[in-house]
Each structure stands twice: as C-alpha cells, then as structure tokens.
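Here is the structure we will look at, set down as structure tokens.
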Amino acid sequence: MTTIAITGGYVVPVDGDPIEDGTVLIEGGQITAVGTQADVDIPDDAELVDAAGNWVLPGFVESHGHVGVHEEGEAWAGNDTNEMTDPNGARFRALDGINPDDEGFRDALGGGVTTVVVKPGSGNPIGGQTVAIKVWGRTVDEMVLREPCSVKSALGENPKRVYGEKKQTPSTRLGVAAIIRDALSAAQDYNAKREYSIREGKPFERDNTMEILTRVLSGEVPWCQHTHRVDDIATAIRLADEFGYRLVINHGTEGHMIADLIAERDIPVIIGPLFTSRSKVEVRRRHLRNPGILARAGVTIAITTDHPVVPIHFLVHQATLAVKEGLDPETALRSITVNPAKILGLDDRVGALKPGLDADVVLWSGDPLDVMSRALRVFVQGKEVYHFDENTGEGVTKSPFYAE
C-alpha cells in the first residue's frame, strides 16, 4: 500500500489536543504517526497530501443506523430491516441483509462518516445481531469491523404494535418484557446444559438463537436496547440488573429526565434521531437540548441519525445543533467519533487519529461543526474513496466495483 503523508492541516485527533500545521502519516492502511511536521519523519517515497487551510479529523462513527438493510428509493424490495415473524429474532443478522450499493453509503462518505453500526429494526422484542462496517467496499464481508457488534432489542410502542395487530404476544409492555425475560432465562438454561455436556463428553444440539444470547449473558456482546420513555428505560435497567449484561440505551428520548440515575450506573446512551417530528407518543419529549443534559450529568453519549430516519450525512449537523442547544462542542465531536467507538468496542480500530488505528481520515474545508463546512477528501483505511469536485459542486465516490 502507498505511504501517505497528510501535511499542513489543522489536525484534530479528538482523543488528544488539536495540532496546528499538523501531519498524519499513513502506512499500510493504518495511522503510524500524528504530530507537527517537525515531529513526524516522512519517508522520501510518501505521497504528499496538502491539507493547508483544512481541518483533518477521523472519520465519523454512526452507532445506530440501517444503511444497506433499509435501502433508499427501493420501497419493500430494499427493506430488510425487520423480520417481524418471530418475537425472538436473536439469530437474525443484519450482516445477511446489507447491500453495499445502497445510496446511503455514498451519502455517508459525503458527510464524513466512515464507519456505521448497522442494526435490525425495532419491530421485535429481540431484533437480531448488529454489525460494524466500513461504508466502502464491494461486499459486506470485506467491509466488516466486528460481527456481531451487539444484539438489538426493543421495548415500547413498536413491538407491542406489531404483534398486537397480529393478535398475539406481545401486545403490551408487559408482554414485550416477558418475551425478553423468557428468552434470556432459556439462554441461561441452555448454557448450563451445554457446559454439562462438555464436562461429560456428551453430544449437544446447538441452537443459534441461544448461542448468541449466551454471549450476551457472558458480557462478550453488548445489548443495544431501543427505548424512548422513562418507564421503558427503567425496564431496560431492571432487565440488565436481573441478567447482568452490558446495557447500551439506544434513542433514550426521555433519558434526560433520569440522567443522574443513568450516569450513576455508567450506562451509555446512543441518542437520536434528533431531526424528526414528534411522530408518536413516546417521542413527545424529543429535543435538541437533551444530549447536552445527559452529557452534563456525566452520561457518555453518542449521537445517531437512525438512517434513513434522518439521512446519514446529517450526523454532524445533529451534533452542531445540539451544541446550539447547550452541548459542549468537544463532547459533540466525541459523540460522533471516539464515544461511539468506545461504547461498541471499536476503539481499537476507529474513532480517533492516533497510531495503530485504521487510516479513516477526512479533510474538511473548516470546522465540521460549522454547517457551511464540507468534507473535501475522505480516506478509508488509507485509500482515498471520495472527494468533492469544486468545479461541478458535487461529491465523487470512487466505485469499489470497477477499476478506475
């Protein structure tokens, strides 16, 4: 791979102090050095990228989206978000439904997003396994960072509506919680039987639903809990206390109302989408000031578009307007970079500019929290895959499918 030195820019590592006239050195698809030009030894054969006048940041991390499984402009044919035929869909994998040619991936690059955690939808109490991927590639298999990244579960209106309309369990919040509790209890029993069979040297019939749930119970795989209302957030915490898994609150629309309790338990919140109307009862307290309230209480937050609910390239704009409503600017940048990476165990690969991480680097025309700034050049693992054409006023994405 080509060695690349991005020089002369205002480098914002996010997980470190900004560097005036900074340099980011990329070798073998990874960042190998970050510092001033005087501090970084640039090899003679390096390709030089002049970033003078630009801001240089890590690619953004979208921690809760449906890009690729809910394709844009494809109606039912491109919507594989919810397998709403089984309330316990733990065995379902978002990985198996992603189309890398979805327009949303090209939009992501234009908004400086280089990593997305793709999740099943919220129609089931247990929706399935999520996957963390890069937003550029020919097949999803070559885009994967981590699979499974977490297991998606839903409380509240969505699953009770879906199954209530079918006149089957669950049709109430009681039923939704019971489905989750029954599934996790069964996984505990399954794990005990499996361990007994291993000790005794006896054959054991595997169950893909139970296998992934035992990994949740062991703490290996986090539990991403779709929940909006305070009472549903309390149920999410109650279930996590009962079974001891790693809870990540997703959406958390009313989380600000019990921000101190969430902070005390060190539960992270992936909050959003923030650019939506109050389309149902449980999001009636949605407001752009909510991320700031959570953050000031000590909650680790990530901001999400829930693409395609909000277009994925608006991720940074949600952070910007949250700053307008009281969120600290530094926390705003962390909420779309290092925070989501840490929350979902991806910080060994993405989320900051530092040696050893993937070379997912974006050159911006200015401060990305300024709505007039735009992503000018985007590198994914050291390969330039997007640039903004000043002449045509359009973004240009390098095709992963054809040699260019």
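If you're wondering about the labels, chains in the structure tokens are A, B, ... by order shown, residues count from 1 in each chain, ligands from 1 in order shown.
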Region 276-365 of chain A: residues DSSP assigns to helix (DSSP H, G or I), reported as a PDB file with N, CA and C atoms, in the first residue's frame:
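Below you can see states-v1.pdb, which holds the result:
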```pdb
ATOM      1  N   VAL A 281     -46.267   8.935  20.476  1.00  0.00           N
ATOM      2  CA  VAL A 281     -46.371   9.365  21.875  1.00  0.00           C
ATOM      3  C   VAL A 281     -45.034   9.301  22.593  1.00  0.00           C
ATOM      4  N   GLU A 282     -44.289   8.220  22.384  1.00  0.00           N
ATOM      5  CA  GLU A 282     -43.088   8.011  23.191  1.00  0.00           C
ATOM      6  C   GLU A 282     -41.932   8.944  22.817  1.00  0.00           C
ATOM      7  N   VAL A 283     -42.056   9.724  21.744  1.00  0.00           N
ATOM      8  CA  VAL A 283     -41.008  10.698  21.417  1.00  0.00           C
ATOM      9  C   VAL A 283     -41.488  12.136  21.609  1.00  0.00           C
ATOM     10  N   ASN A 290     -31.567  17.734  24.722  1.00  0.00           N
ATOM     11  CA  ASN A 290     -31.438  16.522  25.544  1.00  0.00           C
ATOM     12  C   ASN A 290     -30.023  15.939  25.585  1.00  0.00           C
ATOM     13  N   PRO A 291     -29.266  15.904  24.455  1.00  0.00           N
ATOM     14  CA  PRO A 291     -27.891  15.385  24.548  1.00  0.00           C
ATOM     15  C   PRO A 291     -27.035  16.158  25.542  1.00  0.00           C
ATOM     16  N   GLY A 292     -27.187  17.485  25.557  1.00  0.00           N
ATOM     17  CA  GLY A 292     -26.405  18.287  26.487  1.00  0.00           C
ATOM     18  C   GLY A 292     -26.753  18.007  27.937  1.00  0.00           C
ATOM     19  N   ILE A 293     -28.028  17.792  28.224  1.00  0.00           N
ATOM     20  CA  ILE A 293     -28.449  17.481  29.597  1.00  0.00           C
ATOM     21  C   ILE A 293     -27.827  16.170  30.048  1.00  0.00           C
ATOM     22  N   LEU A 294     -27.867  15.158  29.187  1.00  0.00           N
ATOM     23  CA  LEU A 294     -27.269  13.865  29.528  1.00  0.00           C
ATOM     24  C   LEU A 294     -25.768  14.000  29.759  1.00  0.00           C
ATOM     25  N   ALA A 295     -25.091  14.699  28.836  1.00  0.00           N
ATOM     26  CA  ALA A 295     -23.636  14.817  28.930  1.00  0.00           C
ATOM     27  C   ALA A 295     -23.220  15.565  30.192  1.00  0.00           C
ATOM     28  N   ARG A 296     -23.936  16.628  30.527  1.00  0.00           N
ATOM     29  CA  ARG A 296     -23.584  17.394  31.731  1.00  0.00           C
ATOM     30  C   ARG A 296     -23.818  16.592  33.006  1.00  0.00           C
ATOM     31  N   ILE A 312     -27.975   9.934   6.737  1.00  0.00           N
ATOM     32  CA  ILE A 312     -26.748   9.668   7.485  1.00  0.00           C
ATOM     33  C   ILE A 312     -25.743  10.808   7.383  1.00  0.00           C
ATOM     34  N   HIS A 313     -25.752  11.561   6.262  1.00  0.00           N
ATOM     35  CA  HIS A 313     -24.781  12.649   6.136  1.00  0.00           C
ATOM     36  C   HIS A 313     -25.161  13.862   6.980  1.00  0.00           C
ATOM     37  N   PHE A 314     -26.297  13.812   7.649  1.00  0.00           N
ATOM     38  CA  PHE A 314     -26.675  14.869   8.584  1.00  0.00           C
ATOM     39  C   PHE A 314     -26.205  14.580  10.012  1.00  0.00           C
ATOM     40  N   LEU A 315     -25.422  13.531  10.198  1.00  0.00           N
ATOM     41  CA  LEU A 315     -24.952  13.183  11.537  1.00  0.00           C
ATOM     42  C   LEU A 315     -24.258  14.367  12.203  1.00  0.00           C
ATOM     43  N   VAL A 316     -23.315  14.980  11.508  1.00  0.00           N
ATOM     44  CA  VAL A 316     -22.573  16.090  12.094  1.00  0.00           C
ATOM     45  C   VAL A 316     -23.479  17.296  12.328  1.00  0.00           C
ATOM     46  N   HIS A 317     -24.489  17.493  11.494  1.00  0.00           N
ATOM     47  CA  HIS A 317     -25.387  18.643  11.681  1.00  0.00           C
ATOM     48  C   HIS A 317     -26.241  18.465  12.944  1.00  0.00           C
ATOM     49  N   GLN A 318     -26.603  17.230  13.263  1.00  0.00           N
ATOM     50  CA  GLN A 318     -27.303  16.997  14.532  1.00  0.00           C
ATOM     51  C   GLN A 318     -26.413  17.403  15.704  1.00  0.00           C
ATOM     52  N   ALA A 319     -25.132  17.050  15.621  1.00  0.00           N
ATOM     53  CA  ALA A 319     -24.196  17.441  16.675  1.00  0.00           C
ATOM     54  C   ALA A 319     -24.086  18.958  16.760  1.00  0.00           C
ATOM     55  N   THR A 320     -24.039  19.612  15.607  1.00  0.00           N
ATOM     56  CA  THR A 320     -23.931  21.073  15.571  1.00  0.00           C
ATOM     57  C   THR A 320     -25.116  21.741  16.262  1.00  0.00           C
ATOM     58  N   LEU A 321     -26.322  21.310  15.933  1.00  0.00           N
ATOM     59  CA  LEU A 321     -27.497  21.946  16.533  1.00  0.00           C
ATOM     60  C   LEU A 321     -27.683  21.545  17.990  1.00  0.00           C
ATOM     61  N   ALA A 322     -27.132  20.392  18.386  1.00  0.00           N
ATOM     62  CA  ALA A 322     -27.125  20.061  19.810  1.00  0.00           C
ATOM     63  C   ALA A 322     -26.205  21.021  20.565  1.00  0.00           C
ATOM     64  N   VAL A 323     -25.104  21.438  19.911  1.00  0.00           N
ATOM     65  CA  VAL A 323     -24.223  22.451  20.511  1.00  0.00           C
ATOM     66  C   VAL A 323     -24.985  23.760  20.674  1.00  0.00           C
ATOM     67  N   LYS A 324     -25.751  24.124  19.680  1.00  0.00           N
ATOM     68  CA  LYS A 324     -26.563  25.345  19.767  1.00  0.00           C
ATOM     69  C   LYS A 324     -27.490  25.297  20.975  1.00  0.00           C
ATOM     70  N   PRO A 329     -19.017  21.726  22.629  1.00  0.00           N
ATOM     71  CA  PRO A 329     -18.516  21.379  21.292  1.00  0.00           C
ATOM     72  C   PRO A 329     -17.548  20.199  21.280  1.00  0.00           C
ATOM     73  N   GLU A 330     -16.685  20.111  22.287  1.00  0.00           N
ATOM     74  CA  GLU A 330     -15.746  18.984  22.339  1.00  0.00           C
ATOM     75  C   GLU A 330     -16.499  17.669  22.511  1.00  0.00           C
ATOM     76  N   THR A 331     -17.515  17.677  23.377  1.00  0.00           N
ATOM     77  CA  THR A 331     -18.322  16.474  23.572  1.00  0.00           C
ATOM     78  C   THR A 331     -19.107  16.142  22.311  1.00  0.00           C
ATOM     79  N   ALA A 332     -19.534  17.169  21.598  1.00  0.00           N
ATOM     80  CA  ALA A 332     -20.270  16.940  20.351  1.00  0.00           C
ATOM     81  C   ALA A 332     -19.417  16.167  19.357  1.00  0.00           C
ATOM     82  N   LEU A 333     -18.149  16.559  19.197  1.00  0.00           N
ATOM     83  CA  LEU A 333     -17.272  15.825  18.289  1.00  0.00           C
ATOM     84  C   LEU A 333     -16.998  14.417  18.798  1.00  0.00           C
ATOM     85  N   ARG A 334     -16.826  14.283  20.096  1.00  0.00           N
ATOM     86  CA  ARG A 334     -16.594  12.947  20.662  1.00  0.00           C
ATOM     87  C   ARG A 334     -17.816  12.052  20.471  1.00  0.00           C
ATOM     88  N   VAL A 338     -15.011   9.164  18.948  1.00  0.00           N
ATOM     89  CA  VAL A 338     -14.430   8.248  19.929  1.00  0.00           C
ATOM     90  C   VAL A 338     -15.481   7.631  20.859  1.00  0.00           C
ATOM     91  N   ASN A 339     -16.542   8.382  21.203  1.00  0.00           N
ATOM     92  CA  ASN A 339     -17.545   7.824  22.117  1.00  0.00           C
ATOM     93  C   ASN A 339     -18.267   6.610  21.542  1.00  0.00           C
ATOM     94  N   PRO A 340     -18.853   6.704  20.335  1.00  0.00           N
ATOM     95  CA  PRO A 340     -19.500   5.512  19.801  1.00  0.00           C
ATOM     96  C   PRO A 340     -18.526   4.354  19.608  1.00  0.00           C
ATOM     97  N   ALA A 341     -17.278   4.674  19.245  1.00  0.00           N
ATOM     98  CA  ALA A 341     -16.284   3.615  19.090  1.00  0.00           C
ATOM     99  C   ALA A 341     -16.039   2.886  20.406  1.00  0.00           C
ATOM    100  N   LYS A 342     -15.930   3.640  21.502  1.00  0.00           N
ATOM    101  CA  LYS A 342     -15.704   3.015  22.809  1.00  0.00           C
ATOM    102  C   LYS A 342     -16.941   2.274  23.294  1.00  0.00           C
ATOM    103  N   ILE A 343     -18.108   2.859  23.105  1.00  0.00           N
ATOM    104  CA  ILE A 343     -19.346   2.242  23.578  1.00  0.00           C
ATOM    105  C   ILE A 343     -19.520   0.856  22.971  1.00  0.00           C
TER     106      ILE A 343
END
```
message: Could you list, as a ChimeraX atom specification, every residue within 8 Å of region 10-23 of chain A, counting only C-alpha atoms and ignoring same-chain residues fewer than 4 positions away?
response: /A:5-6,33-37,40,51-58,330,333-334,337-338,352-354
Mind running region 216-270 of chain A against region 115-139 of chain A at 12 Å and telling me each contacting residue's nearest atom pair with the distance in Å (one decimal), counting only C-alpha atoms, chain and number ascending, as CSV?
```
residue,atom,partner,partner_atom,distance
A:Val216,CA,A:Gln129,CA,10.7
A:Val221,CA,A:Gln129,CA,9.6
A:Pro222,CA,A:Thr130,CA,10.1
A:Trp223,CA,A:Gln129,CA,9.5
A:Cys224,CA,A:Thr130,CA,8.9
A:Gln225,CA,A:Ile126,CA,9.1
A:His226,CA,A:Ser122,CA,6.9
A:Thr227,CA,A:Ser122,CA,9.4
A:His228,CA,A:Ser122,CA,11.7
A:Ala236,CA,A:Pro125,CA,11.6
A:Asn250,CA,A:Ser122,CA,10.7
A:His251,CA,A:Ser122,CA,11.3
A:Ile270,CA,A:Val117,CA,11.5
```
Report the residues of region 115-355 of chain A whose backbone DSSP state falls under strand (DSSP E), written as a PDB file with C-alpha atoms, in the first residue's frame.
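Final output, states.pdb:
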```
ATOM      1  CA  THR A 115     -17.985   3.569   9.985  1.00  0.00           C
ATOM      2  CA  VAL A 116     -21.570   2.559  10.687  1.00  0.00           C
ATOM      3  CA  VAL A 117     -23.101   0.039  13.061  1.00  0.00           C
ATOM      4  CA  VAL A 118     -25.955  -1.473  11.067  1.00  0.00           C
ATOM      5  CA  ILE A 126     -35.318  -9.104  20.148  1.00  0.00           C
ATOM      6  CA  GLY A 127     -34.474  -7.917  16.655  1.00  0.00           C
ATOM      7  CA  GLY A 128     -31.141  -9.586  15.954  1.00  0.00           C
ATOM      8  CA  GLN A 129     -27.413  -9.120  15.654  1.00  0.00           C
ATOM      9  CA  VAL A 131     -22.606  -5.443  12.595  1.00  0.00           C
ATOM     10  CA  ALA A 132     -19.979  -2.685  12.470  1.00  0.00           C
ATOM     11  CA  ILE A 133     -18.784  -1.996   8.926  1.00  0.00           C
ATOM     12  CA  LYS A 134     -16.827   0.487   6.855  1.00  0.00           C
ATOM     13  CA  VAL A 144     -16.769  -5.741   8.402  1.00  0.00           C
ATOM     14  CA  LEU A 145     -15.007  -4.441  11.503  1.00  0.00           C
ATOM     15  CA  ARG A 146     -16.882  -6.505  14.079  1.00  0.00           C
ATOM     16  CA  VAL A 151     -27.681  -7.587  19.864  1.00  0.00           C
ATOM     17  CA  LYS A 152     -30.609  -5.272  19.165  1.00  0.00           C
ATOM     18  CA  SER A 153     -33.679  -5.377  21.401  1.00  0.00           C
ATOM     19  CA  ALA A 154     -36.743  -3.139  21.567  1.00  0.00           C
ATOM     20  CA  TRP A 223     -27.216  -5.393  24.434  1.00  0.00           C
ATOM     21  CA  CYS A 224     -28.467  -2.390  22.421  1.00  0.00           C
ATOM     22  CA  GLN A 225     -31.867  -1.541  23.889  1.00  0.00           C
ATOM     23  CA  HIS A 226     -34.266   0.543  21.793  1.00  0.00           C
ATOM     24  CA  THR A 227     -36.169   2.569  24.348  1.00  0.00           C
ATOM     25  CA  LEU A 247     -26.652  -2.448  28.513  1.00  0.00           C
ATOM     26  CA  VAL A 248     -26.445   0.310  25.909  1.00  0.00           C
ATOM     27  CA  ILE A 249     -29.520   2.540  25.747  1.00  0.00           C
ATOM     28  CA  ASN A 250     -30.480   3.382  22.171  1.00  0.00           C
ATOM     29  CA  HIS A 251     -32.559   6.525  21.453  1.00  0.00           C
ATOM     30  CA  VAL A 269     -26.767   6.384  25.628  1.00  0.00           C
ATOM     31  CA  ILE A 270     -26.882   6.449  21.843  1.00  0.00           C
ATOM     32  CA  ILE A 271     -29.270   9.367  21.463  1.00  0.00           C
ATOM     33  CA  ILE A 301     -23.330   9.825  24.755  1.00  0.00           C
ATOM     34  CA  ALA A 302     -23.187   9.078  21.052  1.00  0.00           C
ATOM     35  CA  ILE A 303     -25.441  10.812  18.556  1.00  0.00           C
TER      36      ILE A 303
END
```
When you look at Ala186 (chain A) with a cut-off of 10 Å (counting only C-alpha atoms), what residues show up, excluding the ones that are within fewer than 5 positions of it in the same chain? I need them as a PDB file with N, CA, C and O atoms, in the first residue's frame.
```
ATOM      1  N   ILE A 180     -38.544 -10.984  26.363  1.00  0.00           N
ATOM      2  CA  ILE A 180     -37.106 -10.805  26.574  1.00  0.00           C
ATOM      3  C   ILE A 180     -36.640 -11.632  27.774  1.00  0.00           C
ATOM      4  O   ILE A 180     -35.628 -12.346  27.707  1.00  0.00           O
ATOM      5  N   ARG A 181     -37.386 -11.551  28.861  1.00  0.00           N
ATOM      6  CA  ARG A 181     -37.006 -12.284  30.073  1.00  0.00           C
ATOM      7  C   ARG A 181     -37.021 -13.795  29.830  1.00  0.00           C
ATOM      8  O   ARG A 181     -36.110 -14.523  30.254  1.00  0.00           O
ATOM      9  N   ASN A 191     -27.097 -22.640  28.424  1.00  0.00           N
ATOM     10  CA  ASN A 191     -25.673 -22.575  28.747  1.00  0.00           C
ATOM     11  C   ASN A 191     -25.292 -23.621  29.790  1.00  0.00           C
ATOM     12  O   ASN A 191     -24.238 -24.267  29.681  1.00  0.00           O
ATOM     13  N   ALA A 192     -26.159 -23.806  30.797  1.00  0.00           N
ATOM     14  CA  ALA A 192     -25.884 -24.806  31.826  1.00  0.00           C
ATOM     15  C   ALA A 192     -25.856 -26.214  31.226  1.00  0.00           C
ATOM     16  O   ALA A 192     -24.980 -27.034  31.555  1.00  0.00           O
ATOM     17  N   MET A 210     -29.993 -19.390  20.949  1.00  0.00           N
ATOM     18  CA  MET A 210     -29.434 -19.472  22.295  1.00  0.00           C
ATOM     19  C   MET A 210     -27.937 -19.164  22.316  1.00  0.00           C
ATOM     20  O   MET A 210     -27.420 -18.577  23.277  1.00  0.00           O
ATOM     21  N   LEU A 213     -27.392 -15.445  22.536  1.00  0.00           N
ATOM     22  CA  LEU A 213     -27.859 -14.897  23.817  1.00  0.00           C
ATOM     23  C   LEU A 213     -26.923 -15.264  24.962  1.00  0.00           C
ATOM     24  O   LEU A 213     -26.763 -14.494  25.918  1.00  0.00           O
ATOM     25  N   THR A 214     -26.272 -16.428  24.889  1.00  0.00           N
ATOM     26  CA  THR A 214     -25.300 -16.771  25.934  1.00  0.00           C
ATOM     27  C   THR A 214     -24.087 -15.844  25.860  1.00  0.00           C
ATOM     28  O   THR A 214     -23.474 -15.539  26.892  1.00  0.00           O
TER      29      THR A 214
END
```
field: For Thr300 (chain A), the nearest of the candidates A:Glu62, A:Glu264, A:Glu27, A:Glu242, counting only C-alpha atoms
entry: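 Smallest distance to Thr300 (chain A) is found for A:Glu264.
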field: Atom-to-atom span, CA of Leu95 (chain A) and CA of Thr169 (chain A), Å
entry: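 If I compute the distance from CA of Leu95 (chain A) to CA of Thr169 (chain A), I get 27.3 Å.
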query: Excluding same-chain residues fewer than 6 positions from Leu217 (chain A), what lies within 9 Å of it counting only C-alpha atoms, as a ChimeraX atom specification?
result: /A:184,187-188,243-246
Which neighbours of Asp101 (chain A) fall inside 12 Å, counting only C-alpha atoms, when residues of the same chain fewer than 6 positions from it are skipped, and could you give them as a PDB file with N, CA and C atoms, in the first residue's frame?
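result-v7.pdb was written with the following content:
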```
ATOM      1  N   VAL A  67     -28.444   1.682   7.203  1.00  0.00           N
ATOM      2  CA  VAL A  67     -27.964   1.822   5.835  1.00  0.00           C
ATOM      3  C   VAL A  67     -27.636   0.436   5.277  1.00  0.00           C
ATOM      4  N   GLY A  68     -28.061   0.188   4.072  1.00  0.00           N
ATOM      5  CA  GLY A  68     -27.801  -1.097   3.441  1.00  0.00           C
ATOM      6  C   GLY A  68     -28.874  -2.134   3.660  1.00  0.00           C
ATOM      7  N   VAL A  69     -29.565  -2.099   4.814  1.00  0.00           N
ATOM      8  CA  VAL A  69     -30.689  -3.019   5.040  1.00  0.00           C
ATOM      9  C   VAL A  69     -32.029  -2.328   4.806  1.00  0.00           C
ATOM     10  N   HIS A  70     -32.041  -0.987   4.887  1.00  0.00           N
ATOM     11  CA  HIS A  70     -33.223  -0.209   4.522  1.00  0.00           C
ATOM     12  C   HIS A  70     -32.783   0.746   3.418  1.00  0.00           C
ATOM     13  N   GLU A  71     -32.759   0.227   2.202  1.00  0.00           N
ATOM     14  CA  GLU A  71     -32.230   0.980   1.075  1.00  0.00           C
ATOM     15  C   GLU A  71     -33.169   2.118   0.689  1.00  0.00           C
ATOM     16  N   GLU A  72     -32.559   3.183   0.202  1.00  0.00           N
ATOM     17  CA  GLU A  72     -33.336   4.356  -0.178  1.00  0.00           C
ATOM     18  C   GLU A  72     -33.897   4.207  -1.592  1.00  0.00           C
ATOM     19  N   GLU A  74     -36.079   2.187  -2.743  1.00  0.00           N
ATOM     20  CA  GLU A  74     -36.311   0.819  -3.215  1.00  0.00           C
ATOM     21  C   GLU A  74     -37.580   0.200  -2.636  1.00  0.00           C
ATOM     22  N   GLY A  78     -36.178  -3.250  -1.091  1.00  0.00           N
ATOM     23  CA  GLY A  78     -34.890  -2.961  -0.465  1.00  0.00           C
ATOM     24  C   GLY A  78     -34.965  -2.811   1.042  1.00  0.00           C
ATOM     25  N   ASP A 107     -23.798   8.669   0.484  1.00  0.00           N
ATOM     26  CA  ASP A 107     -24.146   9.835   1.307  1.00  0.00           C
ATOM     27  C   ASP A 107     -23.279   9.895   2.559  1.00  0.00           C
ATOM     28  N   VAL A 135     -17.932   2.008   5.321  1.00  0.00           N
ATOM     29  CA  VAL A 135     -19.002   2.375   4.393  1.00  0.00           C
ATOM     30  C   VAL A 135     -18.586   2.258   2.929  1.00  0.00           C
ATOM     31  N   TRP A 136     -17.468   1.623   2.668  1.00  0.00           N
ATOM     32  CA  TRP A 136     -16.996   1.482   1.283  1.00  0.00           C
ATOM     33  C   TRP A 136     -16.455   0.074   1.078  1.00  0.00           C
ATOM     34  N   GLY A 137     -16.961  -0.603   0.040  1.00  0.00           N
ATOM     35  CA  GLY A 137     -16.472  -1.936  -0.288  1.00  0.00           C
ATOM     36  C   GLY A 137     -17.383  -2.634  -1.276  1.00  0.00           C
ATOM     37  N   ARG A 138     -16.886  -3.722  -1.868  1.00  0.00           N
ATOM     38  CA  ARG A 138     -17.655  -4.469  -2.863  1.00  0.00           C
ATOM     39  C   ARG A 138     -18.659  -5.420  -2.226  1.00  0.00           C
ATOM     40  N   THR A 139     -18.238  -6.087  -1.164  1.00  0.00           N
ATOM     41  CA  THR A 139     -19.132  -6.984  -0.438  1.00  0.00           C
ATOM     42  C   THR A 139     -19.086  -6.605   1.033  1.00  0.00           C
ATOM     43  N   VAL A 140     -20.149  -6.898   1.714  1.00  0.00           N
ATOM     44  CA  VAL A 140     -20.186  -6.528   3.124  1.00  0.00           C
ATOM     45  C   VAL A 140     -19.112  -7.267   3.918  1.00  0.00           C
ATOM     46  N   THR A 397     -17.648   9.678  -5.528  1.00  0.00           N
ATOM     47  CA  THR A 397     -17.256   8.478  -4.797  1.00  0.00           C
ATOM     48  C   THR A 397     -16.575   7.507  -5.749  1.00  0.00           C
ATOM     49  N   SER A 399     -15.774   4.123  -7.220  1.00  0.00           N
ATOM     50  CA  SER A 399     -16.546   2.883  -7.230  1.00  0.00           C
ATOM     51  C   SER A 399     -15.703   1.721  -6.705  1.00  0.00           C
ATOM     52  N   PRO A 400     -16.226   0.960  -5.767  1.00  0.00           N
ATOM     53  CA  PRO A 400     -15.490  -0.228  -5.332  1.00  0.00           C
ATOM     54  C   PRO A 400     -15.660  -1.405  -6.278  1.00  0.00           C
ATOM     55  N   PHE A 401     -16.578  -1.275  -7.232  1.00  0.00           N
ATOM     56  CA  PHE A 401     -16.936  -2.397  -8.087  1.00  0.00           C
ATOM     57  C   PHE A 401     -16.167  -2.443  -9.392  1.00  0.00           C
TER      58      PHE A 401
END
```
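Each of A:Ala183, A:Ile262, A:Gly104, A:Asp39 was compared to Val309 (chain A) using only C-alpha atoms, and A:Gly104 turns out to be the nearest.
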query: If you measure from CA of Thr392 (chain A) to CA of Val371 (chain A), what distance in Å do you get, rounded to one decimal?
result: 20.0 Å
